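Raw entry14.txt, compact mmCIF, C-alpha atoms:
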# COMPACT_ATOMS: atom_id res chain seq x y z
CA MET A 7 -65.01 -47.01 80.59
CA ALA A 8 -61.63 -47.73 79.12
CA LYS A 9 -59.21 -44.94 78.51
CA ASP A 10 -57.09 -44.91 75.38
CA GLY A 11 -54.11 -43.61 77.39
CA LYS A 12 -53.32 -40.99 74.82
CA LYS A 13 -52.86 -37.42 75.87
CA LYS A 14 -54.84 -34.89 73.99
CA LYS A 15 -52.71 -32.42 72.13
CA LYS A 16 -53.16 -28.86 73.21
CA GLU A 17 -54.86 -26.93 70.48
CA VAL A 18 -52.71 -24.07 69.22
CA VAL A 19 -54.63 -20.94 68.30
CA VAL A 20 -53.27 -19.25 65.19
CA ASN A 21 -54.20 -16.09 63.34
CA ALA A 22 -55.24 -15.79 59.69
CA HIS A 23 -51.60 -16.13 58.59
CA GLY A 24 -50.94 -19.30 60.58
CA ILE A 25 -48.88 -17.60 63.29
CA PRO A 26 -49.46 -18.97 66.83
CA GLU A 27 -51.18 -16.48 69.10
CA GLY A 28 -48.35 -16.69 71.63
CA GLN A 29 -45.90 -15.39 69.03
CA LEU A 30 -47.97 -12.37 68.01
CA LEU A 31 -47.04 -8.82 68.90
CA GLY A 32 -48.71 -7.32 71.94
CA ALA A 33 -49.11 -3.62 72.67
CA LEU A 34 -45.76 -3.27 74.49
CA ALA A 35 -43.77 -5.21 71.89
CA LEU A 36 -45.38 -3.22 69.09
CA SER A 37 -44.64 0.07 70.86
CA GLY A 38 -40.99 -0.99 71.13
CA LEU A 39 -40.80 -1.63 67.40
CA ILE A 40 -42.52 1.68 66.65
CA TYR A 41 -40.05 3.54 68.88
CA PHE A 42 -36.98 2.11 67.18
CA THR A 43 -38.30 2.39 63.63
CA ALA A 44 -39.03 6.07 64.25
CA ALA A 45 -36.84 7.74 66.89
CA GLY A 46 -34.55 5.24 68.57
CA GLY A 47 -33.56 7.70 71.26
CA ALA A 48 -31.92 11.10 71.49
CA TYR A 49 -28.40 9.80 70.99
CA GLY A 50 -26.73 11.11 67.84
CA ALA A 51 -28.72 14.35 67.80
CA GLU A 52 -26.02 16.42 69.52
CA SER A 53 -24.71 17.76 66.21
CA VAL A 54 -28.15 19.19 65.38
CA ILE A 55 -27.96 21.56 68.34
CA ASN A 56 -24.48 22.62 67.26
CA SER A 57 -25.71 23.36 63.75
CA VAL A 58 -28.47 25.89 64.54
CA GLY A 59 -28.63 26.34 68.31
CA PRO A 60 -31.01 25.06 71.02
CA LEU A 61 -34.06 27.26 70.29
CA PRO A 62 -34.72 26.14 66.68
CA VAL A 63 -34.28 22.51 67.75
CA ILE A 64 -36.84 22.89 70.55
CA ILE A 65 -39.33 24.65 68.25
CA GLY A 66 -38.78 22.13 65.46
CA HIS A 67 -39.36 19.11 67.69
CA ALA A 68 -42.44 20.76 69.21
CA ILE A 69 -44.14 21.58 65.89
CA PHE A 70 -42.77 19.27 63.19
CA PRO A 71 -44.17 15.98 64.59
CA PHE A 72 -47.74 17.27 64.16
CA CYS A 73 -47.07 18.29 60.56
CA TRP A 74 -45.04 15.23 59.53
CA SER A 75 -45.10 12.32 61.99
CA VAL A 76 -48.77 12.29 63.01
CA PRO A 77 -50.15 12.11 59.43
CA ILE A 78 -47.74 9.28 58.58
CA GLY A 79 -48.62 7.44 61.80
CA LEU A 80 -52.38 7.80 61.23
CA ALA A 81 -52.09 6.60 57.63
CA THR A 82 -50.03 3.61 58.78
CA CYS A 83 -52.60 2.73 61.45
CA GLU A 84 -55.46 2.92 58.96
CA LEU A 85 -53.74 0.82 56.29
CA SER A 86 -52.39 -1.73 58.77
CA THR A 87 -55.83 -2.34 60.25
CA ALA A 88 -57.57 -2.35 56.87
CA TYR A 89 -55.01 -4.81 55.45
CA PRO A 90 -53.52 -6.69 58.44
CA CYS A 91 -50.80 -8.57 56.57
CA ASP A 92 -47.02 -8.35 56.44
CA GLY A 93 -45.49 -6.30 53.67
CA GLY A 94 -46.26 -2.69 54.47
CA ILE A 95 -45.74 -0.33 51.57
CA THR A 96 -45.23 -3.24 49.17
CA VAL A 97 -48.77 -4.49 49.83
CA TRP A 98 -50.33 -1.04 49.97
CA ALA A 99 -48.79 0.15 46.69
CA GLY A 100 -49.71 -3.12 44.99
CA LEU A 101 -53.34 -2.83 46.07
CA ALA A 102 -53.60 0.87 45.22
CA PHE A 103 -51.91 0.64 41.80
CA ASN A 104 -50.60 -2.67 40.50
CA GLU A 105 -47.97 -5.33 41.19
CA PHE A 106 -45.23 -3.36 39.43
CA TRP A 107 -45.51 -0.42 41.83
CA GLY A 108 -45.82 -2.81 44.73
CA PHE A 109 -42.52 -4.36 43.65
CA MET A 110 -40.93 -0.93 43.24
CA GLY A 111 -42.11 0.09 46.72
CA GLY A 112 -40.49 -3.00 48.19
CA PHE A 113 -37.33 -2.51 46.13
CA PHE A 114 -36.85 1.11 47.20
CA ALA A 115 -37.56 0.11 50.83
CA ILE A 116 -34.76 -2.47 50.63
CA VAL A 117 -32.35 0.04 49.07
CA GLU A 118 -33.19 2.62 51.74
CA GLY A 119 -32.85 0.02 54.48
CA VAL A 120 -29.44 -1.19 53.29
CA ALA A 121 -28.09 2.36 52.98
CA ASN A 122 -29.61 3.47 56.27
CA LEU A 123 -28.81 0.47 58.47
CA ALA A 124 -25.22 0.29 57.22
CA ILE A 125 -24.30 3.27 59.40
CA PHE A 126 -25.48 1.80 62.70
CA PRO A 127 -22.66 -0.74 63.25
CA THR A 128 -20.20 2.12 62.77
CA VAL A 129 -22.10 4.40 65.17
CA THR A 130 -22.35 1.62 67.77
CA LEU A 131 -18.66 0.79 67.58
CA ASP A 132 -17.71 4.47 67.78
CA TYR A 133 -19.79 4.90 70.94
CA VAL A 134 -18.12 1.88 72.55
CA LEU A 135 -14.65 3.14 71.63
CA ASP A 136 -15.44 6.62 72.97
CA LEU A 137 -16.76 5.12 76.20
CA TYR A 138 -13.58 3.13 76.84
CA GLU A 139 -11.26 5.63 75.10
CA GLY A 140 -10.06 2.91 72.75
CA GLU A 141 -8.77 2.83 69.21
CA LEU A 142 -8.82 0.00 66.66
CA SER A 143 -6.91 -0.72 63.50
CA PRO A 144 -8.89 -0.75 60.22
CA VAL A 145 -8.97 -4.56 60.20
CA ALA A 146 -10.07 -4.81 63.84
CA SER A 147 -12.69 -2.12 63.23
CA TRP A 148 -14.08 -4.10 60.28
CA VAL A 149 -14.21 -7.28 62.37
CA GLY A 150 -15.99 -5.41 65.18
CA LYS A 151 -18.64 -4.08 62.81
CA ALA A 152 -19.11 -7.54 61.27
CA LEU A 153 -19.63 -9.06 64.74
CA ILE A 154 -22.23 -6.40 65.55
CA CYS A 155 -24.08 -7.24 62.31
CA CYS A 156 -23.98 -10.97 63.10
CA PHE A 157 -25.27 -10.36 66.63
CA VAL A 158 -28.18 -8.24 65.39
CA ALA A 159 -28.98 -10.80 62.68
CA TYR A 160 -29.08 -13.53 65.35
CA LEU A 161 -31.53 -11.47 67.42
CA ASN A 162 -33.77 -10.96 64.40
CA MET A 163 -33.79 -14.70 63.78
CA GLN A 164 -35.43 -15.23 67.18
CA GLY A 165 -38.69 -13.86 65.84
CA VAL A 166 -40.52 -10.57 65.68
CA ASN A 167 -42.10 -11.02 69.12
CA PHE A 168 -38.68 -11.40 70.75
CA VAL A 169 -37.39 -8.37 68.86
CA GLY A 170 -40.44 -6.35 69.88
CA ARG A 171 -40.16 -7.19 73.57
CA SER A 172 -36.41 -6.58 73.52
CA SER A 173 -36.97 -3.24 71.78
CA TYR A 174 -39.47 -2.18 74.42
CA LEU A 175 -37.07 -3.07 77.24
CA LEU A 176 -34.18 -1.33 75.50
CA SER A 177 -36.28 1.79 74.86
CA VAL A 178 -36.92 2.05 78.60
CA LEU A 179 -33.25 1.56 79.48
CA ILE A 180 -31.85 4.12 77.04
CA ASN A 181 -34.32 6.78 78.17
CA ILE A 182 -33.60 6.40 81.88
CA PRO A 183 -30.43 8.59 81.72
CA ILE A 184 -32.29 11.25 79.74
CA ILE A 185 -35.17 11.31 82.22
CA LEU A 186 -32.75 11.52 85.15
CA MET A 187 -30.87 14.42 83.56
CA CYS A 188 -34.15 16.27 82.95
CA ILE A 189 -35.15 15.80 86.58
CA LEU A 190 -31.74 16.92 87.84
CA ALA A 191 -31.88 19.94 85.54
CA LEU A 192 -35.01 21.15 87.34
CA PHE A 193 -33.02 21.42 90.56
CA TYR A 194 -29.54 22.43 89.39
CA VAL A 195 -30.02 24.56 86.27
CA LYS A 196 -30.67 28.17 87.23
CA ASP A 197 -30.06 29.94 83.93
CA TYR A 198 -32.21 28.79 81.01
CA SER A 199 -31.18 31.61 78.68
CA PRO A 200 -28.82 29.37 76.61
CA TRP A 201 -31.90 27.39 75.56
CA LEU A 202 -33.21 30.51 73.79
CA GLN A 203 -30.15 31.02 71.63
CA SER A 204 -29.98 30.41 67.91
CA ARG A 205 -27.14 30.66 65.43
CA GLN A 206 -28.43 32.83 62.63
CA ASN A 207 -25.28 34.40 61.25
CA ASP A 208 -22.44 32.09 62.28
CA TYR A 209 -20.30 30.80 59.45
CA ASP A 210 -20.96 27.17 60.41
CA THR A 211 -24.74 27.46 60.78
CA ASN A 212 -26.27 24.63 58.74
CA TRP A 213 -30.06 24.78 58.31
CA THR A 214 -30.04 22.10 55.63
CA PHE A 215 -28.41 19.63 58.02
CA PHE A 216 -30.89 20.57 60.75
CA LEU A 217 -33.95 20.03 58.53
CA GLY A 218 -32.55 16.78 57.14
CA ILE A 219 -31.94 15.30 60.59
CA LEU A 220 -35.33 16.56 61.78
CA VAL A 221 -37.14 14.78 58.94
CA PHE A 222 -35.02 11.64 59.39
CA ASN A 223 -35.50 11.38 63.16
CA LEU A 224 -39.27 11.88 62.94
CA SER A 225 -39.87 9.41 60.10
CA GLY A 226 -40.17 5.65 59.98
CA TYR A 227 -43.68 5.00 61.26
CA ASP A 228 -44.68 3.44 57.95
CA ASN A 229 -42.07 0.70 58.49
CA VAL A 230 -44.27 -0.80 61.19
CA GLY A 231 -46.63 -1.91 58.43
CA SER A 232 -44.10 -4.62 57.59
CA VAL A 233 -45.32 -6.59 60.64
CA ALA A 234 -48.99 -5.61 60.48
CA GLY A 235 -49.99 -9.23 60.09
CA GLN A 236 -48.31 -10.25 63.33
CA GLY A 237 -50.17 -8.02 65.75
CA LYS A 238 -52.79 -9.23 68.20
CA LYS A 239 -56.31 -8.14 67.19
CA PRO A 240 -55.17 -5.67 64.49
CA ARG A 241 -58.76 -4.58 63.90
CA GLY A 242 -59.57 -3.91 67.54
As structure tokens - that is how I would like this structure written.
Amino acid sequence: MAKDGKKKKKEVVVNAHGIPEGQLLGALALSGLIYFTAAGGAYGAESVINSVGPLPVIIGHAIFPFCWSVPIGLATCELSTAYPCDGGITVWAGLAFNEFWGFMGGFFAIVEGVANLAIFPTVTLDYVLDLYEGELSPVASWVGKALICCFVAYLNMQGVNFVGRSSYLLSVLINIPIILMCILALFYVKDYSPWLQSRQNDYDTNWTFFLGILVFNLSGYDNVGSVAGQGKKPRG
């Protein structure tokens, strides 16, 4: 029998939204996105301990996640599996109420994202300058922050799967020093009494700051709904 000499094209499996299966988020990539939309690591939380003392911080992080984070996470899981499409709160509010409130949910999410994410280039640059004990002029500082924004934008343009896998790898790397310090503390720390101190009557005790940072650091799980349509087997 004669052969036509043409190679058969490999069939590309896509999901309901037309996204190739190879570009969908797996469990590890999704866990990386969840980590960085919620916690992002312990860095930056040093001022919380200074505001109220170690004991309230330990108690707050032991109890507050079950009162605040778990309900938000469970609601996000339920809505993301019931409506596995990109959009998150915009889609959910639109389905629950109407298109106007769906638009408002998306609008407020954008406003919150712009105000929130604007601080991270500054924090990143400050950490780098502290590490190398450097100092920049206002113009050089602005250029440095702009370059950080361009670099992050370039990473986002590589696709959500790349961002998810990179986030998972980065989450492992940034937690290695913390894990090592915890292990070393078991062998070298003999007096744990400072952990039980709180600052009740000091003039610079700031409970409002502590509660604000606690809520902020333990929020963000609902943002994962924005990529609900790009997960592998969202309904099991």
Worksheet item: Which residue, A:Ile116, A:Cys83, A:Cys155, A:Leu36, has the smallest gap to Thr96 of chain A when you use only C-alpha atoms?
Response: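 For Thr96 of chain A, the nearest of the given residues is A:Ile116.
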Worksheet item: Hey, which of A:Ala44, A:Ala35, A:Leu101, A:Leu30 ends up closest to Ser173 of chain A? Count all atoms listed in the file.
Response: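 Of all the options, A:Ala35 lies closest to Ser173 of chain A.
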Practice prompt. Choose the residue, out of A:Gly235, A:Gly66, A:Pro77, A:Gly94, that has the smallest atom-to-atom separation from Val166 of chain A; count all atoms listed in the file.
Written response: A:Gly235
Item to complete: Quote the spacing between atom CA of Ser172 of chain A and atom CA of Leu31 of chain A in Å to one decimal place.
Response: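 Going from atom CA of Ser172 of chain A over to atom CA of Leu31 of chain A covers 11.8 Å.
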Worksheet item: Do you have the atom CA of Ala68 of chain A-atom CA of Glu52 of chain A distance handy?
Response: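 Spanning atom CA of Ala68 of chain A to atom CA of Glu52 of chain A is a straight-line distance of 17.0 Å.
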Worksheet item: Can you list, as a ChimeraX atom specification, every protein, DNA or RNA residue that comes within 10 Å of Gly46 of chain A when you count all atoms listed in the file, leaving out same-chain residues fewer than 3 positions away?
Response: /A:38-43,49-50,173,176-177,180-181,223-224
Can those selected residues be exported to a file as a tab-separated table (two decimals), in the coordinates of the input so that it contains C-alpha atoms?
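Final output, saved to again_2.tsv:
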chain	number	residue	atom	x	y	z
A	38	GLY	CA	-40.99	-0.99	71.13
A	39	LEU	CA	-40.80	-1.63	67.40
A	40	ILE	CA	-42.52	1.68	66.65
A	41	TYR	CA	-40.05	3.54	68.88
A	42	PHE	CA	-36.98	2.11	67.18
A	43	THR	CA	-38.30	2.39	63.63
A	49	TYR	CA	-28.40	9.80	70.99
A	50	GLY	CA	-26.73	11.11	67.84
A	173	SER	CA	-36.97	-3.24	71.78
A	176	LEU	CA	-34.18	-1.33	75.50
A	177	SER	CA	-36.28	1.79	74.86
A	180	ILE	CA	-31.85	4.12	77.04
A	181	ASN	CA	-34.32	6.78	78.17
A	223	ASN	CA	-35.50	11.38	63.16
A	224	LEU	CA	-39.27	11.88	62.94
Can I get the residues of segment 81-148 of chain A within 10 Å of segment 228-231 of chain A, each with the closest pair of atoms and their distance in Å to one decimal, using all atoms listed in the file, sorted chain first then ascending number, as a Markdown table?
| residue | atom | partner | partner_atom | distance |
| --- | --- | --- | --- | --- |
| A:Ala81 | CA | A:Asp228 | CA | 8.1 |
| A:Thr82 | CA | A:Asp228 | CA | 5.4 |
| A:Cys83 | CA | A:Gly231 | CA | 8.1 |
| A:Leu85 | CA | A:Gly231 | CA | 7.9 |
| A:Ser86 | CA | A:Gly231 | CA | 5.8 |
| A:Thr87 | CA | A:Gly231 | CA | 9.4 |
| A:Tyr89 | CA | A:Gly231 | CA | 9.4 |
| A:Pro90 | CA | A:Gly231 | CA | 8.4 |
| A:Cys91 | CA | A:Gly231 | CA | 8.1 |
| A:Asp92 | CA | A:Gly231 | CA | 6.8 |
| A:Gly93 | CA | A:Gly231 | CA | 6.6 |
| A:Gly94 | CA | A:Gly231 | CA | 4.1 |
| A:Ile95 | CA | A:Gly231 | CA | 7.1 |
| A:Thr96 | CA | A:Gly231 | CA | 9.5 |
| A:Val97 | CA | A:Gly231 | CA | 9.2 |
| A:Trp98 | CA | A:Gly231 | CA | 9.3 |
| A:Ala115 | CA | A:Asn229 | CA | 8.9 |
Write the residues you've just listed into a file as a tab-separated table (two decimals), keeping the file's coordinate frame, and include C-alpha atoms for each of them.
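Saved the output as out.tsv:
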chain	number	residue	atom	x	y	z
A	81	ALA	CA	-52.09	6.60	57.63
A	82	THR	CA	-50.03	3.61	58.78
A	83	CYS	CA	-52.60	2.73	61.45
A	85	LEU	CA	-53.74	0.82	56.29
A	86	SER	CA	-52.39	-1.73	58.77
A	87	THR	CA	-55.83	-2.34	60.25
A	89	TYR	CA	-55.01	-4.81	55.45
A	90	PRO	CA	-53.52	-6.69	58.44
A	91	CYS	CA	-50.80	-8.57	56.57
A	92	ASP	CA	-47.02	-8.35	56.44
A	93	GLY	CA	-45.49	-6.30	53.67
A	94	GLY	CA	-46.26	-2.69	54.47
A	95	ILE	CA	-45.74	-0.33	51.57
A	96	THR	CA	-45.23	-3.24	49.17
A	97	VAL	CA	-48.77	-4.49	49.83
A	98	TRP	CA	-50.33	-1.04	49.97
A	115	ALA	CA	-37.56	0.11	50.83
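From atom CA of Ala152 of chain A back to atom CA of Ile125 of chain A, the distance works out to 12.1 Å.
Residue nearest Cys73 of chain A, chosen from A:Ser225, A:Ser143, A:Asn212, A:Ser53 and counting all atoms listed in the file: A:Ser225.
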Worksheet item: Given the choices A:Gly112, A:Pro183, A:Gly150, A:Gly226, which gets closest to Val134 of chain A if the distance is worked out from all atoms listed in the file?
Response: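 Checking each candidate against Val134 of chain A, we get A:Gly150 as the closest.
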Discussion item. Considering only C-alpha atoms, can you say which of A:Trp74, A:Phe114, A:Tyr138, A:Phe106 comes closest to Val221 of chain A?
Written reply: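 Between A:Trp74, A:Phe114, A:Tyr138, A:Phe106, the residue approaching Val221 of chain A most closely is A:Trp74.
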